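Novice: My structure is in start.txt, and what it holds is compact mmCIF, N, CA and C atoms:
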# COMPACT_ATOMS: atom_id res chain seq x y z
N MET A 1 9.53 -21.76 -9.60
CA MET A 1 10.55 -22.47 -8.87
C MET A 1 11.43 -23.23 -9.87
N LEU A 2 12.73 -23.21 -9.61
CA LEU A 2 13.66 -23.90 -10.50
C LEU A 2 13.57 -25.41 -10.33
N ARG A 3 13.72 -26.11 -11.42
CA ARG A 3 13.69 -27.56 -11.36
C ARG A 3 15.01 -28.11 -10.84
N HIS A 4 16.07 -27.40 -11.09
CA HIS A 4 17.38 -27.80 -10.59
C HIS A 4 18.24 -26.56 -10.42
N GLU A 5 19.31 -26.72 -9.71
CA GLU A 5 20.19 -25.61 -9.41
C GLU A 5 21.12 -25.35 -10.59
N PHE A 6 21.39 -24.08 -10.86
CA PHE A 6 22.27 -23.71 -11.97
C PHE A 6 23.72 -23.98 -11.59
N ARG A 7 24.44 -24.67 -12.44
CA ARG A 7 25.85 -25.00 -12.22
C ARG A 7 26.68 -24.30 -13.29
N PRO A 8 27.23 -23.11 -12.99
CA PRO A 8 27.96 -22.36 -14.02
C PRO A 8 29.25 -23.03 -14.46
N GLY A 9 29.88 -23.81 -13.60
CA GLY A 9 31.11 -24.51 -13.99
C GLY A 9 30.86 -25.52 -15.09
N ARG A 10 29.74 -26.19 -15.01
CA ARG A 10 29.40 -27.16 -16.06
C ARG A 10 29.11 -26.46 -17.38
N ALA A 11 28.51 -25.28 -17.30
CA ALA A 11 28.23 -24.52 -18.52
C ALA A 11 29.54 -24.07 -19.17
N VAL A 12 30.49 -23.62 -18.37
CA VAL A 12 31.79 -23.19 -18.90
C VAL A 12 32.53 -24.38 -19.50
N ALA A 13 32.51 -25.52 -18.83
CA ALA A 13 33.17 -26.71 -19.36
C ALA A 13 32.52 -27.14 -20.68
N GLY A 14 31.21 -27.06 -20.76
CA GLY A 14 30.51 -27.41 -21.99
C GLY A 14 30.87 -26.48 -23.13
N LEU A 15 30.96 -25.19 -22.85
CA LEU A 15 31.34 -24.24 -23.89
C LEU A 15 32.77 -24.46 -24.36
N ALA A 16 33.66 -24.79 -23.42
CA ALA A 16 35.05 -25.07 -23.80
C ALA A 16 35.13 -26.32 -24.68
N MET A 17 34.36 -27.33 -24.34
CA MET A 17 34.38 -28.56 -25.14
C MET A 17 33.74 -28.33 -26.52
N LEU A 18 32.71 -27.47 -26.58
CA LEU A 18 32.14 -27.12 -27.88
C LEU A 18 33.15 -26.37 -28.75
N ALA A 19 33.94 -25.50 -28.14
CA ALA A 19 34.98 -24.79 -28.87
C ALA A 19 36.02 -25.78 -29.40
N LEU A 20 36.39 -26.75 -28.57
CA LEU A 20 37.33 -27.78 -29.03
C LEU A 20 36.76 -28.59 -30.18
N ALA A 21 35.51 -28.98 -30.06
CA ALA A 21 34.87 -29.76 -31.12
C ALA A 21 34.81 -28.95 -32.41
N GLY A 22 34.49 -27.68 -32.32
CA GLY A 22 34.47 -26.82 -33.50
C GLY A 22 35.84 -26.69 -34.14
N GLY A 23 36.87 -26.57 -33.31
CA GLY A 23 38.23 -26.50 -33.83
C GLY A 23 38.66 -27.78 -34.52
N TYR A 24 38.33 -28.91 -33.90
CA TYR A 24 38.65 -30.19 -34.53
C TYR A 24 37.87 -30.38 -35.83
N ALA A 25 36.61 -29.96 -35.84
CA ALA A 25 35.81 -30.10 -37.06
C ALA A 25 36.36 -29.22 -38.18
N ALA A 26 36.77 -28.00 -37.84
CA ALA A 26 37.34 -27.11 -38.84
C ALA A 26 38.67 -27.65 -39.36
N ASP A 27 39.46 -28.25 -38.46
CA ASP A 27 40.72 -28.85 -38.88
C ASP A 27 40.48 -30.07 -39.77
N ALA A 28 39.50 -30.88 -39.43
CA ALA A 28 39.19 -32.06 -40.22
C ALA A 28 38.63 -31.70 -41.59
N ALA A 29 37.90 -30.61 -41.66
CA ALA A 29 37.33 -30.18 -42.94
C ALA A 29 38.35 -29.48 -43.82
N GLY A 30 39.49 -29.15 -43.26
CA GLY A 30 40.53 -28.47 -44.03
C GLY A 30 40.38 -26.97 -44.04
N ALA A 31 39.43 -26.44 -43.28
CA ALA A 31 39.22 -25.00 -43.25
C ALA A 31 40.23 -24.30 -42.34
N TRP A 32 40.91 -25.06 -41.50
CA TRP A 32 41.82 -24.48 -40.53
C TRP A 32 42.95 -25.46 -40.30
N GLU A 33 44.16 -25.04 -40.50
CA GLU A 33 45.32 -25.91 -40.30
C GLU A 33 46.06 -25.49 -39.05
N VAL A 34 45.94 -26.30 -38.00
CA VAL A 34 46.67 -26.07 -36.76
C VAL A 34 47.23 -27.40 -36.28
N PRO A 35 48.35 -27.36 -35.57
CA PRO A 35 48.87 -28.62 -35.02
C PRO A 35 48.00 -29.09 -33.86
N TRP A 36 48.05 -30.38 -33.58
CA TRP A 36 47.22 -30.94 -32.51
C TRP A 36 47.62 -30.39 -31.15
N THR A 37 48.86 -29.91 -31.02
CA THR A 37 49.32 -29.38 -29.73
C THR A 37 48.61 -28.07 -29.36
N PHE A 38 47.99 -27.44 -30.32
CA PHE A 38 47.22 -26.22 -30.05
C PHE A 38 46.01 -26.53 -29.16
N PHE A 39 45.44 -27.71 -29.33
CA PHE A 39 44.20 -28.05 -28.63
C PHE A 39 44.44 -28.46 -27.18
N LEU A 40 45.62 -28.95 -26.85
CA LEU A 40 45.90 -29.38 -25.47
C LEU A 40 45.81 -28.23 -24.47
N PRO A 41 46.47 -27.09 -24.71
CA PRO A 41 46.31 -25.98 -23.76
C PRO A 41 44.87 -25.44 -23.72
N LEU A 42 44.20 -25.48 -24.84
CA LEU A 42 42.80 -25.04 -24.86
C LEU A 42 41.94 -25.95 -23.99
N PHE A 43 42.18 -27.24 -24.08
CA PHE A 43 41.45 -28.22 -23.25
C PHE A 43 41.74 -28.00 -21.77
N LEU A 44 43.02 -27.93 -21.42
CA LEU A 44 43.40 -27.76 -20.02
C LEU A 44 42.96 -26.40 -19.47
N GLY A 45 43.05 -25.37 -20.29
CA GLY A 45 42.58 -24.05 -19.87
C GLY A 45 41.08 -24.02 -19.64
N GLY A 46 40.34 -24.72 -20.48
CA GLY A 46 38.88 -24.79 -20.30
C GLY A 46 38.52 -25.53 -19.02
N LEU A 47 39.23 -26.62 -18.73
CA LEU A 47 38.97 -27.34 -17.49
C LEU A 47 39.34 -26.50 -16.27
N TRP A 48 40.46 -25.78 -16.35
CA TRP A 48 40.88 -24.94 -15.24
C TRP A 48 39.87 -23.82 -15.01
N LEU A 49 39.41 -23.20 -16.08
CA LEU A 49 38.42 -22.13 -15.95
C LEU A 49 37.11 -22.66 -15.37
N ALA A 50 36.70 -23.84 -15.80
CA ALA A 50 35.47 -24.44 -15.26
C ALA A 50 35.63 -24.73 -13.77
N ALA A 51 36.80 -25.20 -13.36
CA ALA A 51 37.04 -25.47 -11.94
C ALA A 51 37.02 -24.17 -11.13
N ALA A 52 37.60 -23.12 -11.67
CA ALA A 52 37.61 -21.83 -10.97
C ALA A 52 36.19 -21.27 -10.83
N VAL A 53 35.39 -21.39 -11.87
CA VAL A 53 34.01 -20.91 -11.82
C VAL A 53 33.19 -21.75 -10.83
N THR A 54 33.41 -23.05 -10.82
CA THR A 54 32.71 -23.92 -9.87
C THR A 54 33.07 -23.55 -8.44
N TRP A 55 34.34 -23.31 -8.19
CA TRP A 55 34.79 -22.95 -6.84
C TRP A 55 34.18 -21.61 -6.40
N ALA A 56 34.17 -20.63 -7.30
CA ALA A 56 33.59 -19.33 -6.96
C ALA A 56 32.08 -19.45 -6.71
N ALA A 57 31.39 -20.25 -7.51
CA ALA A 57 29.95 -20.44 -7.31
C ALA A 57 29.68 -21.15 -5.98
N TYR A 58 30.54 -22.10 -5.63
CA TYR A 58 30.39 -22.80 -4.34
C TYR A 58 30.54 -21.83 -3.19
N LEU A 59 31.55 -20.96 -3.25
CA LEU A 59 31.75 -19.99 -2.17
C LEU A 59 30.57 -19.03 -2.06
N LEU A 60 30.05 -18.57 -3.19
CA LEU A 60 28.91 -17.67 -3.16
C LEU A 60 27.66 -18.36 -2.62
N ARG A 61 27.44 -19.60 -3.04
CA ARG A 61 26.27 -20.34 -2.57
C ARG A 61 26.38 -20.60 -1.07
N ARG A 62 27.56 -20.95 -0.60
CA ARG A 62 27.77 -21.21 0.82
C ARG A 62 27.55 -19.94 1.65
N ARG A 63 28.04 -18.81 1.13
CA ARG A 63 27.88 -17.54 1.84
C ARG A 63 26.40 -17.14 1.89
N ARG A 64 25.69 -17.35 0.78
CA ARG A 64 24.27 -17.01 0.73
C ARG A 64 23.47 -17.86 1.71
N GLU A 65 23.77 -19.16 1.78
CA GLU A 65 23.06 -20.05 2.69
C GLU A 65 23.36 -19.71 4.14
N ALA A 66 24.59 -19.31 4.45
CA ALA A 66 24.94 -18.94 5.82
C ALA A 66 24.21 -17.66 6.23
N ARG A 67 24.12 -16.70 5.30
CA ARG A 67 23.43 -15.45 5.61
C ARG A 67 21.94 -15.71 5.82
N LYS A 68 21.37 -16.60 5.01
CA LYS A 68 19.96 -16.93 5.13
C LYS A 68 19.68 -17.64 6.46
N ALA A 69 20.56 -18.56 6.85
CA ALA A 69 20.38 -19.29 8.10
C ALA A 69 20.51 -18.36 9.30
N SER A 70 21.44 -17.41 9.25
CA SER A 70 21.60 -16.50 10.39
C SER A 70 20.42 -15.54 10.50
N ALA A 71 19.78 -15.21 9.40
CA ALA A 71 18.63 -14.31 9.43
C ALA A 71 17.40 -15.01 9.99
N GLU A 72 17.33 -16.33 9.83
CA GLU A 72 16.17 -17.08 10.31
C GLU A 72 16.25 -17.34 11.81
N ASN A 73 17.43 -17.40 12.39
CA ASN A 73 17.60 -17.69 13.80
C ASN A 73 17.79 -16.41 14.61
N THR A 74 16.75 -15.63 14.76
CA THR A 74 16.86 -14.39 15.51
C THR A 74 16.32 -14.52 16.92
N VAL A 75 15.62 -15.60 17.24
CA VAL A 75 15.08 -15.77 18.59
C VAL A 75 16.10 -16.51 19.45
N ALA A 76 15.99 -16.31 20.75
CA ALA A 76 16.89 -16.97 21.69
C ALA A 76 16.52 -18.44 21.82
N PRO A 77 17.49 -19.30 22.14
CA PRO A 77 17.18 -20.71 22.35
C PRO A 77 16.24 -20.89 23.53
N ALA A 78 15.53 -21.99 23.57
CA ALA A 78 14.54 -22.23 24.61
C ALA A 78 15.16 -22.27 25.99
N SER A 79 16.37 -22.75 26.13
CA SER A 79 16.97 -22.88 27.46
C SER A 79 17.33 -21.53 28.07
N THR A 80 17.53 -20.50 27.29
CA THR A 80 17.90 -19.19 27.83
C THR A 80 16.74 -18.21 27.84
N SER A 81 15.62 -18.57 27.26
CA SER A 81 14.51 -17.64 27.21
C SER A 81 13.65 -17.68 28.47
N GLY A 82 13.90 -18.63 29.35
CA GLY A 82 13.13 -18.73 30.58
C GLY A 82 11.89 -19.60 30.43
N SER A 83 11.64 -20.15 29.28
CA SER A 83 10.43 -20.94 29.10
C SER A 83 10.63 -22.38 29.56
N HIS A 84 11.86 -22.83 29.67
CA HIS A 84 12.14 -24.19 30.11
C HIS A 84 13.12 -24.15 31.28
N ALA A 85 12.86 -24.95 32.26
CA ALA A 85 13.77 -25.03 33.40
C ALA A 85 14.91 -25.98 33.08
N ILE A 86 16.11 -25.55 33.45
CA ILE A 86 17.28 -26.41 33.23
C ILE A 86 17.56 -27.15 34.53
N ARG A 87 17.65 -28.47 34.48
CA ARG A 87 17.93 -29.24 35.69
C ARG A 87 19.29 -29.84 35.62
Show me, as structure tokens, the structure contained in the file I just sent.
Specialist:
Amino acid sequence: MLRHEFRPGRAVAGLAMLALAGGYAADAAGAWEVPWTFFLPLFLGGLWLAAAVTWAAYLLRRRREARKASAENTVAPASTSGSHAIR
């Protein structure tokens, strides 16, 4: 059993931030010369991608839970099965 639920959006955001940190470290070490404006679209693109992945995972999780709930409720409610009188 899983200890916690997997959040793919957080993983994507973490990878994007690691890429940014690596780029800044390479720039600071002098191994890579890029203007600081290069990192802004990378940052915003990483956040946008993480949001899109989070939204897609939410829709899939919601659909899976709805399918599971509908499969569990296959019996008729007590009021229509004849076991209880309605007054």
Novice: Calculate how many Å separate atom N of Tyr58 in chain A from atom C of Ala21 in chain A, rounding to one decimal.
Specialist: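 Rounded to one decimal, the two atoms are 28.0 Å apart.
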Novice: Using only C-alpha atoms, can you tell me which of A:Gly22, A:Leu42, A:Thr54, A:Arg63 comes closest to Phe6 in chain A?
Specialist: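 The shortest atom-to-atom distance to Phe6 in chain A comes from A:Thr54.
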Novice: Box time for range 55-61 of chain A: axis-aligned, enclosing all its listed atoms, 3 Å extra on each side; report centre and edge lengths in Å to one decimal, as AutoDock Vina command-line options.
Specialist:
--center_x 30.5 --center_y -20.5 --center_z -4.6 --size_x 14.5 --size_y 11.6 --size_z 13.1
Novice: Go ahead and compute the interatomic distance for CA of Arg64 in chain A and CA of Trp48 in chain A, in Å to one decimal.
Specialist: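 Distance between the two atoms: 24.4 Å.
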Novice: Which residue out of A:Leu59, A:Ala28, A:Leu2, A:Val12 has the minimum interatomic distance to Gly46 in chain A when only N, CA and C atoms are used?
Specialist: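 So, comparing all the options, the nearest one is A:Val12.
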Novice: Record the distance separating atom N of His4 in chain A and atom C of Ala50 in chain A, expressed in Å with one decimal.
Specialist: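 Separation of atom N of His4 in chain A and atom C of Ala50 in chain A: 19.9 Å.
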Novice: Return the single residue from A:Ala19, A:Asp27, A:Gly9, A:Glu65 that is closest to Leu47 in chain A, with distances computed using only C-alpha atoms.
Specialist: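 Smallest distance to Leu47 in chain A is found for A:Gly9.
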Novice: Go through range 26-56 of chain A and collect every residue that DSSP, computed from the backbone, puts in helix (DSSP H, G or I); the answer should be as a VMD selection string.
Specialist: chain A and resid 26 to 29 36 to 56
Novice: Taking only N, CA and C atoms into account, which of A:Phe39, A:Gly45, A:Ala57, A:Val34 comes nearest Leu20 in chain A?
Specialist: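 Closest candidate: A:Phe39.
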